[in-house]
Structures are given as C-alpha cells and as structure tokens.
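> For reference, the file data_15.txt (compact mmCIF, C-alpha atoms) is included below:
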```txt
# COMPACT_ATOMS: atom_id res chain seq x y z
CA MET M 1 0.00 0.00 0.00
CA ALA M 2 1.35 3.40 -0.92
CA GLN M 3 2.34 5.54 2.02
CA PHE M 4 2.28 9.25 1.36
CA ASN M 5 5.74 10.07 2.65
CA ILE M 6 6.22 12.29 -0.32
CA SER M 7 6.79 15.96 -0.84
CA ASP M 8 3.96 18.46 -0.37
CA ASN M 9 3.76 18.93 -4.09
CA TYR M 10 3.00 15.28 -4.75
CA ARG M 11 0.57 15.20 -1.86
CA ALA M 12 -1.21 18.24 -3.28
CA MET M 13 -1.55 16.66 -6.69
CA ALA M 14 -2.74 13.39 -5.15
CA ARG M 15 -5.36 15.31 -3.14
CA CYS M 16 -6.38 17.14 -6.26
CA ILE M 17 -6.95 13.84 -8.10
CA TRP M 18 -8.83 12.49 -5.06
CA TYR M 19 -11.12 15.53 -5.03
CA VAL M 20 -11.91 15.23 -8.74
CA LEU M 21 -12.63 11.50 -8.51
CA SER M 22 -14.83 12.02 -5.45
CA ALA M 23 -16.73 14.73 -7.29
CA LEU M 24 -17.45 12.29 -10.12
CA ASN M 25 -18.86 9.82 -7.63
CA ASP M 26 -21.49 12.25 -6.35
CA ASP M 27 -23.70 11.25 -9.24
CA PRO M 28 -25.43 7.86 -8.65
CA SER M 29 -25.79 7.25 -12.39
CA MET M 30 -22.02 7.66 -12.67
CA GLN M 31 -21.61 5.02 -9.98
CA GLN M 32 -23.93 2.64 -11.81
CA LYS M 33 -22.75 3.11 -15.37
CA GLY M 34 -19.10 3.70 -14.60
CA ILE M 35 -16.75 6.15 -16.21
CA VAL M 36 -14.80 6.23 -19.42
CA THR M 37 -11.55 8.11 -19.15
CA VAL M 38 -9.86 9.58 -22.17
CA ALA M 39 -6.35 10.66 -21.28
CA ASP M 40 -4.54 12.83 -23.79
CA TYR M 41 -0.77 12.54 -23.63
CA GLY M 42 -0.39 14.60 -26.77
CA GLY M 43 0.84 17.86 -25.27
CA LYS M 44 3.86 18.86 -23.28
CA TRP M 45 4.61 17.22 -19.95
CA ILE M 46 3.75 19.36 -16.93
CA SER M 47 6.83 18.08 -15.18
CA SER M 48 9.34 15.44 -16.16
CA PRO M 49 7.85 12.10 -17.21
CA PHE M 50 9.70 10.48 -14.30
CA GLN M 51 7.98 12.78 -11.80
CA PHE M 52 4.64 12.15 -13.46
CA VAL M 53 5.01 8.39 -13.17
CA ARG M 54 6.23 8.75 -9.60
CA LEU M 55 3.05 10.60 -8.75
CA LEU M 56 0.87 8.04 -10.47
CA SER M 57 2.62 5.22 -8.63
CA THR M 58 1.97 6.84 -5.25
CA PHE M 59 -1.70 7.59 -5.82
CA PRO M 60 -3.97 4.80 -4.52
CA TRP M 61 -5.82 4.21 -7.80
CA ASN M 62 -6.92 0.78 -6.73
CA ALA M 63 -8.56 2.12 -3.57
CA MET M 64 -10.91 4.50 -5.38
CA PRO M 65 -14.55 3.36 -5.51
CA ILE M 66 -14.94 3.94 -9.20
CA ARG M 67 -16.18 1.59 -11.85
CA ASP M 68 -13.82 2.01 -14.76
CA VAL M 69 -15.47 0.72 -17.87
CA GLY M 70 -12.82 2.02 -20.19
CA VAL M 71 -9.58 3.94 -20.25
CA HIS M 72 -8.47 5.33 -23.57
CA CYS M 73 -5.04 6.80 -23.87
CA ILE M 74 -4.21 8.90 -26.91
CA TYR M 75 -0.76 10.11 -27.90
CA ASN M 76 1.14 11.18 -30.97
CA ASP M 77 4.75 10.78 -29.93
CA SER M 78 6.17 7.26 -30.05
CA SER M 79 8.76 8.12 -27.40
CA LYS M 80 5.90 8.22 -24.89
CA HIS M 81 4.83 4.68 -25.63
CA GLU M 82 7.01 3.07 -23.01
CA MET M 83 6.02 5.61 -20.37
CA ILE M 84 2.35 4.89 -21.02
CA GLN M 85 3.00 1.17 -20.73
CA VAL M 86 4.60 1.81 -17.33
CA ILE M 87 1.48 3.71 -16.27
CA ARG M 88 -0.68 0.85 -17.52
CA ASN M 89 1.27 -1.59 -15.40
CA LEU M 90 0.34 0.37 -12.27
CA LEU M 91 -3.34 -0.32 -12.71
CA ARG M 92 -5.18 -3.32 -11.42
CA LYS M 93 -5.93 -6.14 -13.81
CA GLU M 94 -9.56 -5.23 -14.43
CA ILE M 95 -8.59 -1.75 -15.62
CA ARG M 96 -5.59 -3.01 -17.61
CA MET M 97 -8.01 -5.20 -19.57
CA ARG M 98 -10.08 -2.13 -20.39
CA PHE M 99 -7.11 0.05 -21.28
CA ARG M 100 -6.76 0.94 -24.95
CA LEU M 101 -3.94 2.86 -26.60
CA HIS M 102 -4.57 5.09 -29.62
CA PHE M 103 -1.55 6.41 -31.44
CA GLY M 104 -1.79 9.06 -34.14
CA SER M 105 -2.75 12.59 -35.04
CA PRO M 106 -5.73 14.28 -33.36
CA VAL M 107 -8.01 13.41 -36.28
CA GLU M 108 -6.89 9.78 -36.30
CA THR M 109 -7.36 9.34 -32.58
CA GLU M 110 -10.70 11.09 -32.71
CA TYR M 111 -11.93 8.60 -35.29
CA ALA M 112 -10.41 5.70 -33.36
CA LEU M 113 -12.42 6.74 -30.34
CA ARG M 114 -15.59 6.98 -32.41
CA THR M 115 -15.33 3.25 -33.04
CA PHE M 116 -15.87 2.88 -29.30
CA GLY M 117 -18.89 5.18 -29.39
CA ILE M 118 -17.03 8.12 -27.90
CA ASP M 119 -17.34 11.46 -29.61
CA ILE M 120 -14.90 13.89 -28.11
CA SER M 121 -14.51 16.22 -31.03
CA ARG M 122 -15.56 19.21 -28.90
CA GLN M 123 -13.74 18.33 -25.71
CA LEU M 124 -10.46 17.18 -27.15
CA TYR M 125 -7.48 19.48 -27.35
CA PRO M 126 -9.05 22.65 -25.94
CA HIS M 127 -5.56 23.96 -25.17
CA ARG M 128 -4.48 23.60 -28.80
CA ASP M 129 -7.59 25.13 -30.27
CA PRO M 130 -8.60 28.04 -28.07
CA VAL M 131 -11.55 29.00 -30.31
CA VAL M 132 -14.58 27.45 -28.69
CA GLU M 133 -17.71 28.00 -30.78
CA ASP M 134 -20.21 28.98 -28.11
CA GLY M 135 -18.32 28.69 -24.85
CA HIS M 136 -20.14 25.42 -24.13
CA ASP M 137 -17.12 23.81 -22.48
CA ASP M 138 -16.53 26.62 -20.03
CA ALA M 139 -20.20 26.65 -19.11
CA SER M 140 -20.33 22.92 -18.46
CA ILE M 141 -17.21 23.05 -16.27
CA GLU M 142 -18.72 25.93 -14.32
CA GLU M 143 -21.98 24.03 -13.97
CA ASP M 144 -20.10 20.99 -12.59
CA ILE M 145 -18.31 23.17 -10.05
CA LEU M 146 -21.60 24.79 -8.97
CA ARG M 147 -23.31 21.40 -8.63
CA ARG M 148 -20.47 20.15 -6.47
CA GLN M 149 -20.58 23.31 -4.33
CA ARG M 150 -24.35 22.90 -3.87
CA LEU M 151 -23.83 19.35 -2.60
CA ASP M 152 -21.05 20.55 -0.29
CA ASP M 153 -23.36 23.23 1.11
CA GLU M 154 -26.18 20.72 1.65
CA TRP M 155 -23.79 18.42 3.45
CA ARG M 156 -22.49 21.26 5.62
CA ARG M 157 -26.04 22.36 6.50
CA SER M 158 -26.99 18.85 7.56
CA GLU M 159 -23.87 18.44 9.70
CA THR M 160 -23.59 21.87 11.32
CA PRO M 161 -26.26 21.43 14.04
CA TYR M 162 -24.32 18.44 15.35
CA CYS M 163 -20.94 20.12 15.22
CA GLU M 164 -21.77 23.19 17.27
CA SER M 165 -20.38 23.36 20.77
CA THR M 166 -23.90 23.88 22.18
CA SER M 167 -25.42 20.70 20.74
CA SER M 168 -26.16 17.83 23.09
CA VAL M 169 -25.62 15.04 20.58
CA ALA M 170 -23.01 14.64 17.88
CA ARG M 171 -22.75 12.51 14.77
CA PHE M 172 -18.98 12.47 15.13
CA PRO M 173 -16.38 14.19 17.31
CA ASN M 174 -14.89 17.46 16.11
CA PRO M 175 -11.08 17.54 16.20
CA GLN M 176 -11.16 19.60 19.42
CA ASP M 177 -13.72 17.38 21.19
CA ILE M 178 -12.60 15.14 24.03
CA ILE M 179 -13.50 11.49 23.79
CA MET M 180 -14.33 9.69 27.00
CA GLY M 181 -13.75 6.00 27.52
CA ARG M 182 -11.05 3.56 28.30
CA ASN M 183 -10.08 2.83 24.72
CA LYS M 184 -6.43 3.83 24.91
CA THR M 185 -5.71 3.75 21.21
CA VAL M 186 -8.47 6.28 20.67
CA ALA M 187 -7.86 8.42 23.72
CA GLU M 188 -4.14 8.78 23.22
CA ARG M 189 -4.21 9.64 19.55
CA TRP M 190 -7.30 11.81 19.20
CA SER M 191 -6.39 15.49 18.71
CA GLY M 192 -8.98 16.67 21.27
CA ASN M 193 -7.57 14.34 23.92
CA ILE M 194 -4.04 15.58 23.19
CA LEU M 195 -5.33 19.14 23.63
CA PHE M 196 -7.00 18.09 26.90
CA ARG M 197 -3.75 16.64 28.23
CA ASN M 198 -1.83 19.79 27.26
CA VAL M 199 -4.33 22.02 29.05
CA ILE M 200 -4.22 19.81 32.18
CA GLN M 201 -0.43 20.01 32.05
CA GLN M 202 -0.58 23.80 32.32
CA TYR M 203 -2.55 23.58 35.60
CA VAL M 204 -0.89 20.63 37.27
CA GLN M 205 1.81 22.69 39.00
CA ARG M 206 -0.82 24.89 40.61
CA TYR M 207 -2.66 21.76 41.70
CA ILE M 208 0.46 20.27 43.31
CA GLU M 209 1.31 23.50 45.12
CA ALA M 210 -2.20 23.71 46.54
CA GLN M 211 -2.17 20.19 47.92
CA ASN M 212 -0.75 21.23 51.30
CA ALA M 213 -3.12 24.16 51.70
CA ASP M 214 -6.07 23.97 54.11
CA SER M 215 -8.49 24.96 51.41
CA PHE M 216 -7.24 22.33 48.95
CA ARG M 217 -10.75 20.99 48.32
CA VAL M 218 -12.00 24.40 47.28
CA ILE M 219 -8.90 25.18 45.20
CA LYS M 220 -8.99 21.92 43.26
CA THR M 221 -12.66 22.42 42.46
CA MET M 222 -11.89 25.93 41.24
CA ILE M 223 -9.04 24.64 39.08
CA SER M 224 -11.24 22.03 37.44
CA ILE M 225 -13.99 24.61 36.85
CA GLU M 226 -11.43 26.92 35.26
CA ILE M 227 -10.11 24.14 32.98
CA LEU M 228 -13.64 23.26 31.97
CA HIS M 229 -14.32 26.91 31.18
CA VAL M 230 -11.14 27.20 29.10
CA LEU M 231 -11.89 24.04 27.13
CA LYS M 232 -15.51 24.93 26.49
CA ASN M 233 -15.10 28.61 25.69
CA ASP M 234 -11.61 29.05 24.30
CA TYR M 235 -11.31 25.78 22.39
CA LYS M 236 -15.03 25.02 21.88
CA SER M 237 -14.41 21.48 23.07
CA ARG M 238 -17.12 19.07 24.11
CA PHE M 239 -16.78 15.98 26.29
CA LEU M 240 -18.26 13.13 24.31
CA ALA M 241 -19.25 9.66 25.37
CA ARG M 242 -20.44 7.07 22.89
CA LYS M 243 -23.67 5.36 23.83
CA HIS M 244 -24.72 2.76 21.26
CA VAL M 245 -24.52 4.56 17.94
CA ILE M 246 -24.69 8.18 19.09
CA TRP M 247 -22.17 10.46 20.67
CA HIS M 248 -23.65 12.24 23.71
CA VAL M 249 -22.26 15.39 25.23
CA ILE M 250 -21.74 14.66 28.91
CA ASP M 251 -22.86 17.23 31.47
CA ASP M 252 -20.57 19.68 33.23
CA SER M 253 -20.44 17.89 36.59
CA GLU M 254 -19.35 14.66 34.93
CA ALA M 255 -16.81 16.53 32.79
CA GLN M 256 -15.51 18.25 35.91
CA SER M 257 -14.98 14.92 37.65
CA LYS M 258 -13.06 13.70 34.58
CA ILE M 259 -10.85 16.78 34.77
CA SER M 260 -10.25 16.24 38.51
CA GLN M 261 -9.31 12.65 37.83
CA ALA M 262 -6.88 13.66 35.08
CA LEU M 263 -5.34 16.30 37.35
CA ARG M 264 -4.96 13.81 40.17
CA MET M 265 -3.27 11.25 37.96
CA LEU M 266 -0.94 13.73 36.33
CA ALA M 267 0.01 15.23 39.71
CA ARG M 268 0.84 11.76 40.98
CA ASP M 269 3.02 11.04 37.95
CA THR M 270 4.73 14.43 38.18
CA ARG M 271 5.73 14.10 41.81
CA MET A 1 0.11 -17.25 -14.51
CA LYS A 2 3.19 -15.11 -14.98
CA PRO A 3 2.64 -11.66 -13.44
CA ALA A 4 2.33 -8.85 -15.94
CA GLY A 5 5.16 -6.42 -16.49
CA ASN A 6 8.54 -6.29 -14.83
CA GLY A 7 7.95 -5.24 -11.25
CA ILE A 8 5.76 -2.39 -10.07
CA LEU A 9 7.34 0.16 -12.39
CA GLY A 10 8.10 -2.27 -15.19
CA THR A 11 6.66 -1.77 -18.62
CA TYR A 12 3.59 -3.67 -19.63
CA THR A 13 3.98 -5.03 -23.10
CA ASP A 14 1.34 -5.98 -25.63
CA ARG A 15 2.42 -9.58 -25.03
CA ASP A 16 1.51 -9.24 -21.35
CA PHE A 17 -1.83 -7.82 -22.36
CA ALA A 18 -2.49 -10.68 -24.78
CA ALA A 19 -1.50 -13.24 -22.14
CA GLU A 20 -3.87 -11.70 -19.60
CA MET A 21 -6.72 -11.51 -22.09
CA ASN A 22 -6.20 -15.13 -23.10
CA ALA A 23 -6.29 -16.22 -19.49
CA LEU A 24 -9.83 -14.86 -19.12
CA SER A 25 -12.84 -17.07 -19.59
CA PHE A 26 -15.16 -16.42 -22.53
CA VAL A 27 -17.71 -14.71 -20.28
CA GLU A 28 -15.08 -12.49 -18.66
CA ARG A 29 -13.62 -11.52 -22.02
CA GLN A 30 -17.07 -10.70 -23.35
CA ALA A 31 -17.73 -8.54 -20.27
CA VAL A 32 -14.54 -6.59 -20.98
CA GLU A 33 -15.53 -6.06 -24.61
CA ASP A 34 -19.07 -5.02 -23.66
CA ASP A 35 -17.73 -2.52 -21.15
CA ILE A 36 -15.20 -0.99 -23.46
CA HIS A 37 -17.80 -0.57 -26.22
CA GLY A 38 -20.41 0.78 -23.81
CA VAL A 39 -22.95 -1.98 -24.44
CA ALA A 40 -22.80 -3.76 -21.07
CA GLU A 41 -26.18 -4.38 -19.52
CA ASP A 42 -26.93 -2.50 -16.33
CA ILE A 43 -27.34 -4.58 -13.18
CA GLN A 44 -30.96 -4.42 -12.05
CA GLU A 45 -30.86 -2.90 -8.59
CA THR A 46 -34.08 -4.16 -7.03
CA PRO A 47 -34.60 -3.47 -3.30
CA GLU A 48 -34.26 -7.20 -2.52
CA PHE A 49 -31.04 -7.48 -4.48
CA ILE A 50 -29.57 -4.41 -2.80
CA ALA A 51 -30.55 -5.64 0.67
CA ASP A 52 -28.98 -9.01 -0.06
CA ARG A 53 -25.73 -7.48 -1.33
CA ILE A 54 -25.47 -5.05 1.57
CA GLY A 55 -25.87 -7.98 3.96
CA ALA A 56 -23.12 -9.79 2.07
CA ILE A 57 -20.67 -6.87 2.13
CA ARG A 58 -21.23 -6.34 5.86
CA GLN A 59 -20.50 -10.00 6.41
CA ALA A 60 -17.44 -9.79 4.14
CA LEU A 61 -16.17 -6.79 6.10
CA THR A 62 -16.09 -8.82 9.29
CA GLU A 63 -13.91 -11.36 7.53
CA VAL A 64 -11.31 -8.87 6.33
CA ASN A 65 -8.02 -9.01 8.23
CA SER A 66 -8.26 -6.73 11.28
CA ALA A 67 -5.04 -4.90 10.39
CA GLU A 68 -6.44 -4.08 6.95
CA ARG A 69 -9.74 -3.03 8.50
CA GLN A 70 -8.22 -0.68 11.07
CA ALA A 71 -9.07 2.57 9.30
CA TRP A 72 -12.63 1.44 8.58
CA ASP A 73 -13.12 0.38 12.22
CA ARG A 74 -11.80 3.74 13.31
CA ALA A 75 -14.18 5.54 10.98
CA VAL A 76 -17.15 3.58 12.32
CA PHE A 77 -16.07 4.26 15.89
CA LEU A 78 -15.91 7.99 15.23
CA ARG A 79 -19.06 8.11 13.15
CA PRO A 80 -21.32 5.19 14.10
CA ALA A 81 -23.91 6.10 11.46
CA LEU A 82 -21.44 5.01 8.74
CA ASP A 83 -22.17 1.40 9.59
CA GLU A 84 -25.82 1.94 8.63
CA ASP A 85 -25.19 4.13 5.61
CA GLN A 86 -26.62 2.22 2.65
CA SER A 87 -25.42 4.73 0.08
CA LEU A 88 -21.85 4.21 1.23
CA TYR A 89 -22.07 0.43 0.84
CA LEU A 90 -23.74 0.91 -2.54
CA LEU A 91 -20.90 3.12 -3.74
CA PHE A 92 -18.38 0.34 -3.17
CA LEU A 93 -20.66 -2.44 -4.38
CA ARG A 94 -21.30 -0.62 -7.64
CA ALA A 95 -17.59 -0.05 -8.13
CA ARG A 96 -17.05 -3.82 -7.98
CA GLN A 97 -20.25 -4.82 -9.75
CA PHE A 98 -21.84 -6.10 -6.54
CA ARG A 99 -19.11 -8.64 -5.73
CA ALA A 100 -19.32 -8.34 -1.95
CA VAL A 101 -15.85 -9.62 -1.03
CA ASP A 102 -14.09 -7.38 -3.56
CA ALA A 103 -16.20 -4.42 -2.46
CA ALA A 104 -15.31 -5.05 1.20
CA VAL A 105 -11.61 -5.11 0.37
CA LEU A 106 -12.01 -1.94 -1.69
CA MET A 107 -13.82 -0.25 1.18
CA THR A 108 -11.07 -0.98 3.70
CA SER A 109 -8.39 0.13 1.21
CA TYR A 110 -10.30 3.33 0.52
CA PHE A 111 -10.49 4.32 4.18
CA ARG A 112 -6.84 3.45 4.71
CA ALA A 113 -5.82 5.58 1.74
CA LYS A 114 -8.08 8.43 2.87
CA ARG A 115 -6.52 8.42 6.32
CA ASP A 116 -3.02 8.42 4.81
CA LEU A 117 -3.76 11.24 2.40
CA TRP A 118 -6.16 13.51 4.31
CA GLY A 119 -5.40 12.65 7.92
CA GLU A 120 -7.54 11.21 10.65
CA ASP A 121 -9.60 14.36 11.20
CA LEU A 122 -11.05 14.12 7.71
CA LEU A 123 -11.44 10.35 7.69
CA ILE A 124 -15.18 10.59 8.33
CA HIS A 125 -15.84 13.80 6.43
CA ARG A 126 -16.88 14.55 2.93
CA ILE A 127 -13.95 16.15 1.14
CA THR A 128 -15.19 19.57 0.09
CA TRP A 129 -13.69 22.45 -1.82
CA ASP A 130 -12.73 24.03 1.54
CA HIS A 131 -10.35 21.16 2.22
CA VAL A 132 -8.53 21.69 -1.05
CA CYS A 133 -5.74 24.20 -0.41
CA THR A 134 -4.22 26.73 -2.81
CA LEU A 135 -1.44 24.41 -3.94
CA GLU A 136 -3.98 21.77 -4.92
CA VAL A 137 -6.15 24.27 -6.75
CA SER A 138 -3.12 25.39 -8.75
CA TRP A 139 -2.52 21.76 -9.76
CA LEU A 140 -6.12 21.51 -10.85
CA MET A 141 -5.78 24.59 -13.05
CA VAL A 142 -2.44 23.46 -14.49
CA SER A 143 -3.81 20.03 -15.37
CA GLN A 144 -6.63 21.64 -17.34
CA LYS A 145 -4.31 23.84 -19.34
CA CYS A 146 -1.46 21.44 -20.06
CA SER A 147 -1.07 17.91 -21.17
CA GLY A 148 -2.93 15.27 -19.27
CA TRP A 149 -6.30 16.77 -20.13
CA ALA A 150 -8.88 14.18 -19.36
CA HIS A 151 -12.53 14.13 -20.23
CA THR A 152 -14.91 11.84 -18.41
CA ALA A 153 -18.33 10.96 -19.67
CA LEU A 154 -21.17 8.57 -18.99
CA VAL A 155 -21.16 5.47 -21.07
CA PRO A 156 -23.99 5.77 -23.63
```
Can the structure from this file be put into structure tokens for me?

Amino acid sequence: MAQFNISDNYRAMARCIWYVLSALNDDPSMQQKGIVTVADYGGKWISSPFQFVRLLSTFPWNAMPIRDVGVHCIYNDSSKHEMIQVIRNLLRKEIRMRFRLHFGSPVETEYALRTFGIDISRQLYPHRDPVVEDGHDDASIEEDILRRQRLDDEWRRSETPYCESTSSVARFPNPQDIIMGRNKTVAERWSGNILFRNVIQQYVQRYIEAQNADSFRVIKTMISIEILHVLKNDYKSRFLARKHVIWHVIDDSEAQSKISQALRMLARDTR
Amino acid sequence: MKPAGNGILGTYTDRDFAAEMNALSFVERQAVEDDIHGVAEDIQETPEFIADRIGAIRQALTEVNSAERQAWDRAVFLRPALDEDQSLYLLFLRARQFRAVDAAVLMTSYFRAKRDLWGEDLLIHRITWDHVCTLEVSWLMVSQKCSGWAHTALVP
C-alpha cells in the first residue's frame, strides 16, 4: 500500500486527483454506469515524465470506488509509448483489460475513439484550439463546479447542528472534542484528547502546590472549573461519550470529575 | 500465470496484455468487450437485491483481516452512522459490480488511503472544496491547461 511520505507537491496533486474522482462519484448514475476516461498525452509534460510516473505510482488508484469501464489513452509521440505502458502496469488487472492505446494525429485518434462510441470532437485538445464555438465547455465546467458546491453546502447544512459546541448530541467528534472511555488507542491519539492533556499540564503545578493548603478541596474544584471553562469557551471542546450509535455530550459535573481525575493522575506522575 | 510487467514500475507489453486476455474465460472476455464498447447491460438494482448485497458486504467486512480493516473500524467508531449508511455500501458495491468480497476489500483500502492522504480528522468527512488548499487548486488549473487533459463521460 502506498504511504504518502512524499513531498507536499505530490501530496497536493494526489489530493487534487482524489477531489476530482470524489466529485465524479457524487452522481449515482455515474456510480452505476461507470466512467470512461480519455487521457490525452499529446501535449507537453507538466513536469518530467519520471515525476509524473512517480506521482501516479503513489496515488492509490486501486482504492478509489470507481467503476472504470474504459480507459483510452491517446498520444502522438512514439517516445511516450514506453512511459504509457509503465502507467498501464500500475493499474489493477480489471482496468488493464479495459485500457486501450490510440496512437496518431488528433483526427486519427478522434476517429479511433468513435469506433468505441465516444465522440470527443468538442472536448479534445481545448488547449491547442482556443476557439470554442459557443463557450459550451466553459459553461459545463462551471456548472459541474456549482453542482459540487451545492452538494457541499447541503452536506455542511446537515452536519452543522451536530458540530456546534452547544449541541447535546453529535454525529462524530470534532477535532477539538474530548473522547471519554477507556479505549487507549483512541484516547491517546485523538487530537482533542491531546489538547486536553496539554491544558491539564498547564494547571498541574498549581494543583500540586495547593495540595498542602487547608483549602485544597476548594482550590482543586476551582481549578477544574477553570479548565472546563477554558476548554468549552476558548477551544469550543465538548466531552463526548459514545452510547450505542450516538455520541452524547456529557454534562458539566461529569466533565468536571473527569478533569479532577486527570489532574490527580498527572500530579501523581509528576511528583 | 506469470505476473504482468517487470515489477511495479516495469513496462507492460502488448504480449503481457495478450496473455492476460487469453487467461480470461469467454464470459469475462465478453464482459470486458461489452464494457469498453459501452454496451454492457446495467445490473438491475431491485430493493431485494440491494438488501442481499449489503448484507453480504457487511459479512465480508467482518472477515477482512483486522489490520487491513483498522481505518474502517476507526471511521465507524468515530461516526457510528457510517455502519448503517446504505449509500456508502452501494458506492463500493457498484464499483465492484456487486461482488461483496471485492467491495469489502475496496472499502477498507479506501479508508486506509483516505486516512493516509487527508489525515484522521477528515477520515469521516466529505472532502469539500474548503479542504482543497491553494497548492492543490493550482494543480487543478495546471492540469486543465497542459497535457494530461482528461474528459470523463457517462457510457452511452
């Protein structure tokens, strides 16, 4: 499995491909019928061919939930043949079987594609022929972007009520939320729990110093109330406990006792 | 059968392609031809069929190696509703033509790749335009202007 220990540039391009493929999958008919990809290798390389192949080899093509019913690769420079064969080798067998190469001039490749029922006369080579008859291509791209943005907005609207710091139930924890429970793998790695530990760390010295004071009970309660206030108001954190299939926001008194417990344990370890 | 190409970055020759095609059964080869010419018949997605396949993929998921399933388990822990999300299961089933075991493997690979690429915070989120940073947008623009132009369309 590809690990993305690659430069930011590669990661950015991989994310860009991910976003585009995810956008295609928004349409259920696209999921059912599958997609035909026509890749044009006729122009200049964006970067060196080696870099391009490196990127393609790090992208998890075989993990994308896309039904590829055909991949057509067109090119007009025989020196690219081997590079394209390398790319082909990266794909899983099912896609390799549906991978077709078309070598020749734009007109030749256009007609070759027509034998597969694909008419790309309008879409092909827009960068070589900047005269677009009625701006149809620009409009359709814009329409696609707007459709995607509409879906994003709908999704955001449906999620927002559960993400707000005032909500009592959550569909999922926000990064700053604190997850309760004894599951160590979750508790130790979750960003909200790391934040929680860091905040506790800032108060532990005060807690230790107050331990010999007569009013220790009062002071420790005040410290835990202050921590709770900081987490809730400054970081907008919630304390979440999973009950069955829903995340519940636990009440302040319970959260406060969790804070006291964390303080107690950290003070013990610090001493 | 001899694996195609020479290693992961080896070239894939026409001979490899022919060998792989010849290794297919008649039905499989016909399915490839139908797909590539856009004449494959759509799978009839009746409610009973979908319910049956979703049951099968959920069963198949439990049989996937726990190390492979880690990211998916994590996603379900963080967002329990995912486990009941029919549209999510359908997405993966459709991608593998309703073969439950393949779809389950794809699903676990997808979540693992998503965690690696986008991080754990976005594992359970829809990737929106807001998550795409300036560098990625510039790649998107460059790829439209230069070589590598790709057009995707529905099969007729």
> Excluding region 48-59 of chain A and its own-chain neighbours fewer than 2 positions away, which residues fall within 7 Å of it when counting only C-alpha atoms? Please give them as a list in words.
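The contact residues come out as Glu45, Thr46, Leu61, Thr62, Glu63, Tyr89, Phe98, Ala100, Val101, Ala103 and Ala104 of chain A.
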> Based on only C-alpha atoms, which of the residues in chain M come within 6 Å of chain A? I want them as JSON, numbers by chain.
{"M": [12, 13, 16, 32, 35, 36, 37, 38, 39, 40, 41, 43, 44, 45, 63, 65, 66, 67, 69, 70, 85, 86, 89, 116, 127, 152, 171, 172, 245]}
> Can you tell me, as a list in words, what residues are no more than 10 Å from region 198-212 of chain M when counting only C-alpha atoms, ignoring any on the same chain fewer than 3 positions away?
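With the cut-off at 10 Å, the set is Gly192, Asn193, Ile194, Leu195, Ser215, Phe216, Arg217, Val218, Ile219, Lys220, Ile223, Ser224, Glu226, Ile227, Leu228, Val230, Leu231, Ile259, Ser260, Ala262, Leu263, Arg264, Met265, Leu266, Ala267, Arg268, Thr270 and Arg271 of chain M.
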> Specify the axis-aligned box that encloses all atoms of region 103-112 of chain A listed in the file after padding of 5 Å on each side, stating its centre and edge lengths in Å to one decimal as JSON.

```
{"center_x": -11.5, "center_y": -0.4, "center_z": 1.1, "size_x": 19.4, "size_y": 19.4, "size_z": 17.2}
```
> Give me the residues within 9 Å of Trp61 (chain M) as a list in words, counting all atoms listed in the file and dropping any in the same chain fewer than 3 places off.
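Neighbouring residues, sequence-local ones excluded: Leu56, Ser57, Thr58, Met64, Leu90, Leu91 and Arg92 of chain M.
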> Enter the distance from CA of Asp177 (chain M) to CA of Thr221 (chain M), in Å, rounded to one decimal.
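Atom-to-atom, CA of Asp177 (chain M) and CA of Thr221 (chain M) are spaced 21.9 Å apart.
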> Quick one: pull the distance between CA of Leu24 (chain M) and CA of Asn62 (chain M), Å, one decimal.
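The value is 16.0 Å.
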> What's the separation between CA of Ala14 (chain M) and CA of Val53 (chain M), in Å to one decimal place?
12.2 Å
> Near His229 (chain M), counting all atoms listed in the file, which residues have an atom at most 12 Å away, once you skip same-chain residues fewer than 3 positions from it, shown as a list in words?
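Using all atoms listed in the file, the neighbours found are Val199, Met222, Ile223, Ser224, Ile225, Glu226, Lys232, Asn233, Asp234, Tyr235, Lys236, Ser237, Arg238, Asp252, Ala255, Gln256 and Ile259 of chain M.
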> Using all atoms listed in the file, collect all residues at a distance of at most 12 Å from (-21.2, 7.6, 25.5) as written in the file, then present them as a list in words.
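Residues found, by chain and rising number: Ser168, Val169, Ala170, Arg171, Phe172, Pro173, Ile178, Ile179, Met180, Gly181, Arg182, Phe239, Leu240, Ala241, Arg242, Lys243, His244, Val245, Ile246, Trp247, His248, Val249, Ile250, Asp251 and Glu254 of chain M; Phe77, Leu78 and Pro80 of chain A.
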